[in-house]
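Trainee: Supplied structure: work-v2.txt, compact mmCIF, C-alpha atoms.
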```txt
# COMPACT_ATOMS: atom_id res chain seq x y z
CA MET A 1 74.87 68.03 32.61
CA ARG A 2 72.38 70.13 30.69
CA VAL A 3 69.66 68.21 28.82
CA MET A 4 67.00 69.52 26.46
CA GLY A 5 63.83 67.43 26.22
CA VAL A 6 61.50 67.49 23.21
CA ASP A 7 57.86 66.36 23.35
CA PRO A 8 57.31 66.37 19.57
CA GLY A 9 54.21 67.70 17.84
CA LEU A 10 53.32 69.94 14.90
CA THR A 11 50.70 72.08 16.62
CA ARG A 12 52.58 72.24 19.93
CA CYS A 13 56.15 70.97 20.24
CA GLY A 14 57.06 70.99 23.94
CA LEU A 15 60.64 72.01 24.82
CA GLY A 16 62.25 71.98 28.25
CA ALA A 17 65.82 72.10 29.49
CA VAL A 18 67.17 71.13 32.90
CA GLU A 19 70.58 71.12 34.51
CA GLY A 20 71.54 68.38 36.92
CA ARG A 21 73.20 65.11 37.74
CA PRO A 22 71.93 62.00 39.51
CA GLY A 23 71.71 62.38 43.30
CA ALA A 24 71.76 66.18 43.26
CA PRO A 25 68.93 68.72 43.00
CA LEU A 26 67.83 69.54 39.45
CA SER A 27 67.32 73.05 38.16
CA LEU A 28 65.12 74.48 35.44
CA VAL A 29 66.93 76.16 32.53
CA ALA A 30 64.02 76.93 30.19
CA VAL A 31 60.56 75.68 29.28
CA GLY A 32 58.14 76.49 26.48
CA VAL A 33 56.52 75.34 23.27
CA VAL A 34 57.02 75.94 19.56
CA ARG A 35 53.64 76.25 17.86
CA THR A 36 52.64 76.08 14.21
CA ALA A 37 49.22 76.84 12.76
CA ALA A 38 47.11 73.79 11.85
CA GLY A 39 45.93 75.57 8.69
CA ASP A 40 49.44 76.12 7.30
CA GLU A 41 51.03 73.84 4.71
CA LEU A 42 53.10 70.94 6.05
CA GLY A 43 56.32 72.43 4.60
CA ALA A 44 55.82 75.76 6.36
CA ARG A 45 55.04 73.96 9.62
CA LEU A 46 58.19 71.82 9.46
CA VAL A 47 60.30 74.89 8.66
CA GLY A 48 58.74 76.59 11.72
CA ILE A 49 59.52 73.60 13.96
CA GLU A 50 63.11 73.51 12.70
CA ALA A 51 63.60 77.26 13.27
CA GLY A 52 62.14 77.02 16.78
CA ILE A 53 64.34 74.09 17.78
CA GLU A 54 67.45 75.70 16.29
CA GLN A 55 66.77 78.86 18.29
CA TRP A 56 66.41 76.79 21.47
CA LEU A 57 69.64 74.88 20.81
CA ASP A 58 71.44 78.21 20.29
CA ASP A 59 70.04 79.67 23.52
CA VAL A 60 70.15 76.61 25.80
CA ARG A 61 73.38 74.97 24.54
CA PRO A 62 72.52 71.50 25.90
CA ASP A 63 75.03 68.66 26.33
CA ALA A 64 72.42 66.15 25.11
CA VAL A 65 68.92 66.07 23.63
CA ALA A 66 66.18 63.63 24.68
CA VAL A 67 63.25 63.11 22.31
CA GLU A 68 60.10 61.11 22.94
CA ARG A 69 60.06 57.91 20.90
CA VAL A 70 56.92 57.90 18.73
CA PHE A 71 55.10 54.66 17.95
CA ALA A 72 52.82 53.85 15.03
CA GLN A 73 50.17 52.80 17.55
CA HIS A 74 49.71 56.44 18.72
CA ASN A 75 46.75 58.58 17.63
CA VAL A 76 46.52 57.74 13.90
CA ARG A 77 45.24 61.20 12.96
CA THR A 78 48.30 63.02 14.28
CA VAL A 79 51.05 60.38 14.46
CA MET A 80 52.67 61.28 11.11
CA GLY A 81 53.11 64.93 12.11
CA THR A 82 54.40 63.87 15.53
CA ALA A 83 56.93 61.50 13.92
CA GLN A 84 58.06 64.25 11.53
CA ALA A 85 58.49 66.81 14.32
CA ALA A 86 60.49 64.20 16.30
CA GLY A 87 62.63 63.51 13.22
CA ILE A 88 63.42 67.21 12.85
CA ALA A 89 64.43 67.47 16.53
CA VAL A 90 66.76 64.47 16.10
CA LEU A 91 68.13 65.96 12.87
CA CYS A 92 68.84 69.38 14.43
CA ALA A 93 70.68 67.81 17.39
CA ALA A 94 72.65 65.33 15.24
CA ARG A 95 73.74 68.08 12.82
CA ARG A 96 75.45 69.77 15.81
CA GLY A 97 77.05 66.52 16.91
CA LEU A 98 74.96 66.40 20.12
CA PRO A 99 74.13 62.99 21.56
CA VAL A 100 70.44 62.17 21.05
CA ALA A 101 68.44 59.71 23.12
CA LEU A 102 64.94 58.44 22.46
CA HIS A 103 62.87 57.54 25.51
CA THR A 104 59.43 55.93 25.40
CA PRO A 105 56.53 57.55 27.27
CA SER A 106 56.46 54.66 29.75
CA GLU A 107 60.21 54.95 30.42
CA VAL A 108 59.71 58.63 31.20
CA LYS A 109 56.67 57.99 33.41
CA ALA A 110 58.48 55.23 35.31
CA ALA A 111 61.59 57.37 35.81
CA ILE A 112 59.65 60.39 37.10
CA THR A 113 56.80 58.82 39.09
CA GLY A 114 57.83 55.19 39.61
CA SER A 115 54.86 54.02 37.51
CA GLY A 116 54.91 53.45 33.73
CA THR A 117 51.18 54.19 33.59
CA ALA A 118 51.14 57.56 35.42
CA ASP A 119 48.81 60.23 33.99
CA LYS A 120 49.68 63.73 32.74
CA LYS A 121 48.68 65.32 36.05
CA GLN A 122 51.03 63.06 38.04
CA ILE A 123 53.88 63.81 35.63
CA GLY A 124 53.22 67.54 35.90
CA ALA A 125 53.09 67.38 39.73
CA MET A 126 56.38 65.47 39.96
CA VAL A 127 58.14 67.79 37.49
CA THR A 128 56.95 70.77 39.55
CA ARG A 129 58.26 69.19 42.76
CA LEU A 130 61.59 67.98 41.33
CA LEU A 131 62.40 71.40 39.86
CA ARG A 132 61.02 73.24 42.94
CA LEU A 133 58.70 75.38 40.79
CA SER A 134 55.93 77.53 42.24
CA GLU A 135 53.40 76.20 39.72
CA MET A 136 52.99 73.41 37.17
CA PRO A 137 54.49 74.20 33.73
CA ARG A 138 51.79 74.61 31.08
CA PRO A 139 50.78 73.41 28.56
CA ALA A 140 51.20 69.69 29.35
CA ASP A 141 53.58 69.36 26.35
CA ALA A 142 56.03 71.71 28.09
CA ALA A 143 55.86 69.68 31.34
CA ASP A 144 56.34 66.46 29.33
CA ALA A 145 59.46 67.91 27.69
CA LEU A 146 60.90 68.64 31.16
CA ALA A 147 60.02 65.09 32.26
CA LEU A 148 61.96 63.74 29.25
CA ALA A 149 64.98 65.86 30.14
CA ILE A 150 64.87 64.75 33.81
CA CYS A 151 64.49 61.10 32.76
CA HIS A 152 67.57 61.52 30.58
CA VAL A 153 69.68 63.11 33.33
CA TRP A 154 68.89 60.16 35.59
CA ARG A 155 69.25 57.43 32.98
CA GLY A 156 72.26 59.08 31.30
CA GLY A 157 73.69 59.51 34.79
CA ALA A 158 73.77 55.76 35.41
CA GLN A 159 75.71 55.26 32.17
CA HIS A 160 77.93 58.22 33.04
CA ARG A 161 78.82 56.73 36.46
CA LEU A 162 79.66 53.41 34.79
CA ALA A 163 81.93 55.17 32.29
CA GLU A 164 83.60 57.07 35.15
CA ALA A 165 84.17 53.86 37.12
CA VAL A 166 85.71 52.23 34.04
CA ALA A 167 87.95 55.27 33.52
CA ARG A 168 89.03 55.22 37.21
CA ALA A 169 89.79 51.48 37.05
CA SER A 170 91.75 52.00 33.87
CA ARG A 171 93.79 54.86 35.44
CA LYS A 172 94.68 52.45 38.29
CA GLY A 173 95.90 49.95 35.72
CA VAL A 174 92.95 47.62 36.35
CA ARG A 175 91.43 46.21 33.17
CA PRO A 176 87.66 46.24 33.44
CA MET B 1 58.29 71.96 -15.72
CA ARG B 2 60.92 70.00 -13.83
CA VAL B 3 59.65 67.86 -10.94
CA MET B 4 61.63 65.87 -8.40
CA GLY B 5 59.83 62.89 -6.88
CA VAL B 6 60.74 61.41 -3.49
CA ASP B 7 59.81 57.86 -2.42
CA PRO B 8 60.78 58.28 1.24
CA GLY B 9 62.65 55.71 3.31
CA LEU B 10 65.60 55.55 5.71
CA THR B 11 67.38 52.54 4.19
CA ARG B 12 66.61 53.54 0.59
CA CYS B 13 65.13 56.92 -0.26
CA GLY B 14 64.18 56.88 -3.96
CA LEU B 15 64.77 60.10 -5.92
CA GLY B 16 63.82 60.79 -9.51
CA ALA B 17 63.45 63.92 -11.60
CA VAL B 18 61.59 64.39 -14.88
CA GLU B 19 61.02 67.28 -17.24
CA GLY B 20 57.74 67.64 -19.04
CA ARG B 21 54.29 69.06 -19.42
CA PRO B 22 50.91 67.44 -19.99
CA GLY B 23 50.37 66.27 -23.57
CA ALA B 24 54.06 66.27 -24.51
CA PRO B 25 56.72 63.55 -24.16
CA LEU B 26 58.41 63.39 -20.76
CA SER B 27 62.15 63.17 -20.31
CA LEU B 28 64.31 61.70 -17.58
CA VAL B 29 66.57 64.17 -15.74
CA ALA B 30 68.05 61.93 -13.03
CA VAL B 31 67.22 58.84 -11.01
CA GLY B 32 68.83 57.18 -8.00
CA VAL B 33 68.59 56.46 -4.28
CA VAL B 34 70.07 57.87 -1.09
CA ARG B 35 70.97 55.01 1.25
CA THR B 36 71.76 54.98 4.96
CA ALA B 37 73.02 52.02 6.98
CA ALA B 38 70.40 50.25 9.10
CA GLY B 39 72.98 49.88 11.91
CA ASP B 40 73.66 53.62 12.20
CA GLU B 41 72.01 55.85 14.81
CA LEU B 42 68.77 57.57 13.78
CA GLY B 43 70.40 61.01 13.96
CA ALA B 44 73.22 60.04 11.59
CA ARG B 45 70.70 58.49 9.19
CA LEU B 46 68.50 61.61 9.12
CA VAL B 47 71.58 63.81 8.56
CA GLY B 48 72.53 61.50 5.66
CA ILE B 49 69.05 61.73 4.11
CA GLU B 50 69.09 65.53 4.43
CA ALA B 51 72.55 65.80 2.83
CA GLY B 52 71.52 63.50 -0.04
CA ILE B 53 68.32 65.42 -0.77
CA GLU B 54 70.10 68.80 -0.54
CA GLN B 55 72.70 67.58 -3.06
CA TRP B 56 69.93 66.44 -5.40
CA LEU B 57 68.08 69.76 -5.11
CA ASP B 58 71.33 71.60 -5.91
CA ASP B 59 72.01 69.39 -8.94
CA VAL B 60 68.49 68.98 -10.35
CA ARG B 61 67.06 72.45 -9.56
CA PRO B 62 63.41 71.33 -9.74
CA ASP B 63 60.42 73.68 -10.04
CA ALA B 64 58.43 71.49 -7.63
CA VAL B 65 58.90 68.49 -5.36
CA ALA B 66 56.42 65.60 -5.05
CA VAL B 67 56.64 63.38 -1.97
CA GLU B 68 54.70 60.19 -1.28
CA ARG B 69 52.12 60.70 1.45
CA VAL B 70 52.82 58.23 4.26
CA PHE B 71 49.97 56.69 6.25
CA ALA B 72 50.03 55.26 9.76
CA GLN B 73 48.52 52.06 8.33
CA HIS B 74 51.78 51.29 6.43
CA ASN B 75 54.26 48.66 7.64
CA VAL B 76 54.38 49.39 11.39
CA ARG B 77 58.03 48.35 11.71
CA THR B 78 59.32 50.94 9.24
CA VAL B 79 56.58 53.59 9.08
CA MET B 80 58.18 55.98 11.60
CA GLY B 81 61.44 56.11 9.62
CA THR B 82 59.50 56.51 6.38
CA ALA B 83 57.49 59.39 7.85
CA GLN B 84 60.67 61.07 9.11
CA ALA B 85 62.44 60.74 5.74
CA ALA B 86 59.32 62.21 4.06
CA GLY B 87 59.32 65.07 6.58
CA ILE B 88 62.94 65.88 5.79
CA ALA B 89 62.22 65.92 2.04
CA VAL B 90 59.31 68.32 2.63
CA LEU B 91 61.49 70.45 4.94
CA CYS B 92 64.37 70.69 2.43
CA ALA B 93 62.02 71.75 -0.38
CA ALA B 94 60.06 74.22 1.76
CA ARG B 95 63.27 75.86 3.04
CA ARG B 96 64.06 76.72 -0.60
CA GLY B 97 60.55 78.05 -1.19
CA LEU B 98 59.78 75.21 -3.64
CA PRO B 99 56.16 74.08 -3.94
CA VAL B 100 55.68 70.66 -2.33
CA ALA B 101 52.88 68.24 -3.17
CA LEU B 102 52.00 65.04 -1.35
CA HIS B 103 50.49 62.27 -3.48
CA THR B 104 49.13 59.00 -2.12
CA PRO B 105 50.39 55.70 -3.55
CA SER B 106 46.98 55.04 -5.13
CA GLU B 107 46.89 58.49 -6.76
CA VAL B 108 50.29 57.76 -8.30
CA LYS B 109 49.28 54.27 -9.46
CA ALA B 110 46.04 55.58 -10.97
CA ALA B 111 47.84 58.44 -12.76
CA ILE B 112 50.54 56.19 -14.25
CA THR B 113 48.67 52.95 -15.01
CA GLY B 114 44.98 53.87 -14.85
CA SER B 115 44.53 51.54 -11.86
CA GLY B 116 44.89 52.55 -8.20
CA THR B 117 45.85 48.97 -7.31
CA ALA B 118 48.66 48.42 -9.86
CA ASP B 119 51.71 46.48 -8.60
CA LYS B 120 55.37 47.61 -8.53
CA LYS B 121 56.14 45.79 -11.80
CA GLN B 122 53.34 47.58 -13.67
CA ILE B 123 54.51 50.94 -12.30
CA GLY B 124 58.10 50.17 -13.34
CA ALA B 125 57.00 49.09 -16.83
CA MET B 126 54.93 52.25 -17.40
CA VAL B 127 57.69 54.54 -16.09
CA THR B 128 60.13 52.83 -18.48
CA ARG B 129 57.76 53.31 -21.42
CA LEU B 130 56.76 56.91 -20.60
CA LEU B 131 60.39 58.02 -20.27
CA ARG B 132 61.49 55.88 -23.27
CA LEU B 133 64.21 54.14 -21.21
CA SER B 134 66.06 51.06 -22.43
CA GLU B 135 65.53 49.27 -19.11
CA MET B 136 63.47 49.55 -15.93
CA PRO B 137 64.99 51.87 -13.29
CA ARG B 138 66.19 49.91 -10.24
CA PRO B 139 65.71 49.59 -7.33
CA ALA B 140 61.90 49.86 -7.24
CA ASP B 141 62.19 52.92 -4.93
CA ALA B 142 63.90 54.81 -7.77
CA ALA B 143 61.15 53.86 -10.24
CA ASP B 144 58.51 54.88 -7.68
CA ALA B 145 60.16 58.29 -7.28
CA LEU B 146 59.94 58.80 -11.06
CA ALA B 147 56.28 57.71 -10.99
CA LEU B 148 55.61 60.36 -8.31
CA ALA B 149 57.30 63.02 -10.43
CA ILE B 150 55.31 62.01 -13.55
CA CYS B 151 52.07 61.96 -11.56
CA HIS B 152 52.83 65.49 -10.38
CA VAL B 153 53.60 66.80 -13.88
CA TRP B 154 50.22 65.50 -15.06
CA ARG B 155 48.19 66.55 -12.04
CA GLY B 156 50.02 69.86 -11.70
CA GLY B 157 49.53 70.28 -15.43
CA ALA B 158 45.76 70.16 -15.13
CA GLN B 159 45.88 72.94 -12.55
CA HIS B 160 48.40 74.82 -14.70
CA ARG B 161 46.11 74.66 -17.77
CA LEU B 162 43.20 75.92 -15.64
CA ALA B 163 45.34 78.82 -14.41
CA GLU B 164 46.37 79.59 -18.01
CA ALA B 165 42.76 79.52 -19.19
CA VAL B 166 41.77 81.88 -16.39
CA ALA B 167 44.66 84.19 -17.29
CA ARG B 168 43.67 84.14 -21.00
CA ALA B 169 40.02 84.85 -20.20
CA SER B 170 41.08 87.67 -17.95
CA ARG B 171 43.32 89.18 -20.68
CA LYS B 172 40.27 89.14 -22.99
CA GLY B 173 38.30 90.98 -20.34
CA VAL B 174 36.13 87.92 -19.56
CA ARG B 175 35.56 87.34 -15.86
CA PRO B 176 35.88 83.61 -15.08
```
Go ahead and render the structure in this file as structure tokens.

Mentor:
Amino acid sequence: MRVMGVDPGLTRCGLGAVEGRPGAPLSLVAVGVVRTAAGDELGARLVGIEAGIEQWLDDVRPDAVAVERVFAQHNVRTVMGTAQAAGIAVLCAARRGLPVALHTPSEVKAAITGSGTADKKQIGAMVTRLLRLSEMPRPADAADALALAICHVWRGGAQHRLAEAVARASRKGVRP
Amino acid sequence: MRVMGVDPGLTRCGLGAVEGRPGAPLSLVAVGVVRTAAGDELGARLVGIEAGIEQWLDDVRPDAVAVERVFAQHNVRTVMGTAQAAGIAVLCAARRGLPVALHTPSEVKAAITGSGTADKKQIGAMVTRLLRLSEMPRPADAADALALAICHVWRGGAQHRLAEAVARASRKGVRP
């Protein structure tokens, strides 16, 4: 399963794609950021974010997209732009009929490090180890996008195994 | 000048278009709402908002779009959806190269009623009078979208008159 993670933001929108399934080694597909200039008008910035994400979806061709769930309690100065970038990521994926999942920062931290309160450095170190990279992806937004994608592979995997078990039982004529 | 106002929201996104210029009677072009079901997935809702706004832009062909500026201090339960609907309105307009303005609720209230703390009923009553309608536009989101459009005609108008004065002075060889 190929998952594209999005760590939303207007100035830096982190994007990272991984290929994998639960219980098997993960591999890196792509990692990077889409940037827009803080001095540009909001409309131009949102158009830039949309174009960047569309290009990534064309190149990466993910099976699913995982976006960080943004809360109103986040940094008040930037939260509106973050919410709007997240909305555009969800919109771009949904327009293509791709499944979209929203994961909270603490869900991602817990999935990757075992602790919902892990810091950026810990996340980066675990992403580097899990993808067997020679160095930590930078900036942190790019590493966070990979963490989202990995979290989704593992969480989506649990649901996927359940669906498979139900399908197997149903093929055997057993009603779940 | 034809202005389309957007009162953003996921459940009800108010849309209203007016034609006018400062110092002359305003006229109603169209008013309504785009609705999405609260039980639908976020992706489907954002796709619905985008499709609704695109249809309106095709039909109304505005010269400018005015969107309510959303603040993090708004209702915490709905503010993320409101911000995302606003972002999509800005995106749709910017993709067409239309000028986009963000006005705060108190700027709109002050422009329409003279008071930055006017309530919904006062806004609705003034919109009804200014557009010479036989009854108040409903729901309130639709009336608010018209108020945004009117606010923009008047505020944009002041800038437009300044630009005209500068152009006239320059034609006469006077440096502003």

Trainee: Can you work out the spacing between CA of Arg132 in chain B and CA of Ala118 in chain B in Å, to one decimal?

Mentor: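 Computed distance, CA of Arg132 in chain B to CA of Ala118 in chain B, equals 20.0 Å.
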
Trainee: Suppose you want the space between CA of Lys109 in chain B and CA of Val3 in chain B; what is it in Å?

Mentor: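 For CA of Lys109 in chain B relative to CA of Val3 in chain B, the distance reads 17.2 Å.
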
Trainee: Could you give me, as a tab-separated table, every chain B residue with an atom at most 7 Å from chain A, plus its closest atom pair and distance in Å to one decimal, counting all atoms listed in the file, rows ordered by chain then number?

Mentor:
```
residue	atom	partner	partner_atom	distance
B:Gly43	CA	A:Ala94	CA	5.0
B:Ala44	CA	A:Ala94	CA	6.5
B:Leu46	CA	A:Leu91	CA	5.8
B:Val47	CA	A:Leu91	CA	5.9
B:Ala72	CA	A:Val76	CA	6.0
B:Val76	CA	A:Ala72	CA	6.0
B:Met80	CA	A:Ala83	CA	6.1
B:Ala83	CA	A:Met80	CA	6.1
B:Gln84	CA	A:Gln84	CA	4.8
B:Gly87	CA	A:Gln84	CA	5.2
B:Val90	CA	A:Gly43	CA	5.5
B:Leu91	CA	A:Gly43	CA	5.5
B:Ala94	CA	A:Gly43	CA	5.0
B:Arg95	CA	A:Val47	CA	6.4
```

Trainee: May I have the protein, DNA and RNA residues with any atom at most 6 Å from the point (55.0, 59.6, -19.2), counting all atoms listed in the file, written as JSON, numbers by chain?

Mentor: {"B": [26, 130, 131]}

Trainee: Suppose you want the space between CA of Ser115 in chain A and CA of Ala145 in chain A; what is it in Å?

Mentor: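 For CA of Ser115 in chain A relative to CA of Ala145 in chain A, the distance reads 17.6 Å.
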
Trainee: Edge lengths and centre in Å to one decimal, as JSON, is what I'm after for the box along x, y and z that holds all listed atoms of range 36-49 of chain B once 3 Å is added on each side.

Mentor:
```
{"center_x": 71.1, "center_y": 56.8, "center_z": 9.5, "size_x": 11.2, "size_y": 19.9, "size_z": 16.7}
```

Trainee: With a distance cut-off of 10 Å and all atoms listed in the file, select the neighbouring residues of Asp59 in chain A, excluding the residue or stretch itself and same-chain residues fewer than 5 positions from it, and output the selection as a list in words.

Mentor: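 That gives Ala30, Ile53 and Glu54 of chain A.
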
Trainee: For Trp154 in chain B, find every residue with an atom within 8 Å (counting only C-alpha atoms), except residues of its own chain fewer than 4 positions away, and show them as a ChimeraX atom specification.

Mentor: /B:21-22,111,150,158

Trainee: What does the file look like for those residues with C-alpha atoms, as a PDB file, in the coordinates of the input?

Mentor:
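The resulting file, result.pdb, is shown below:
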```pdb
ATOM      1  CA  ARG B  21      54.290  69.060 -19.420  1.00  0.00           C
ATOM      2  CA  PRO B  22      50.910  67.440 -19.990  1.00  0.00           C
ATOM      3  CA  ALA B 111      47.840  58.440 -12.760  1.00  0.00           C
ATOM      4  CA  ILE B 150      55.310  62.010 -13.550  1.00  0.00           C
ATOM      5  CA  ALA B 158      45.760  70.160 -15.130  1.00  0.00           C
TER       6      ALA B 158
END
```
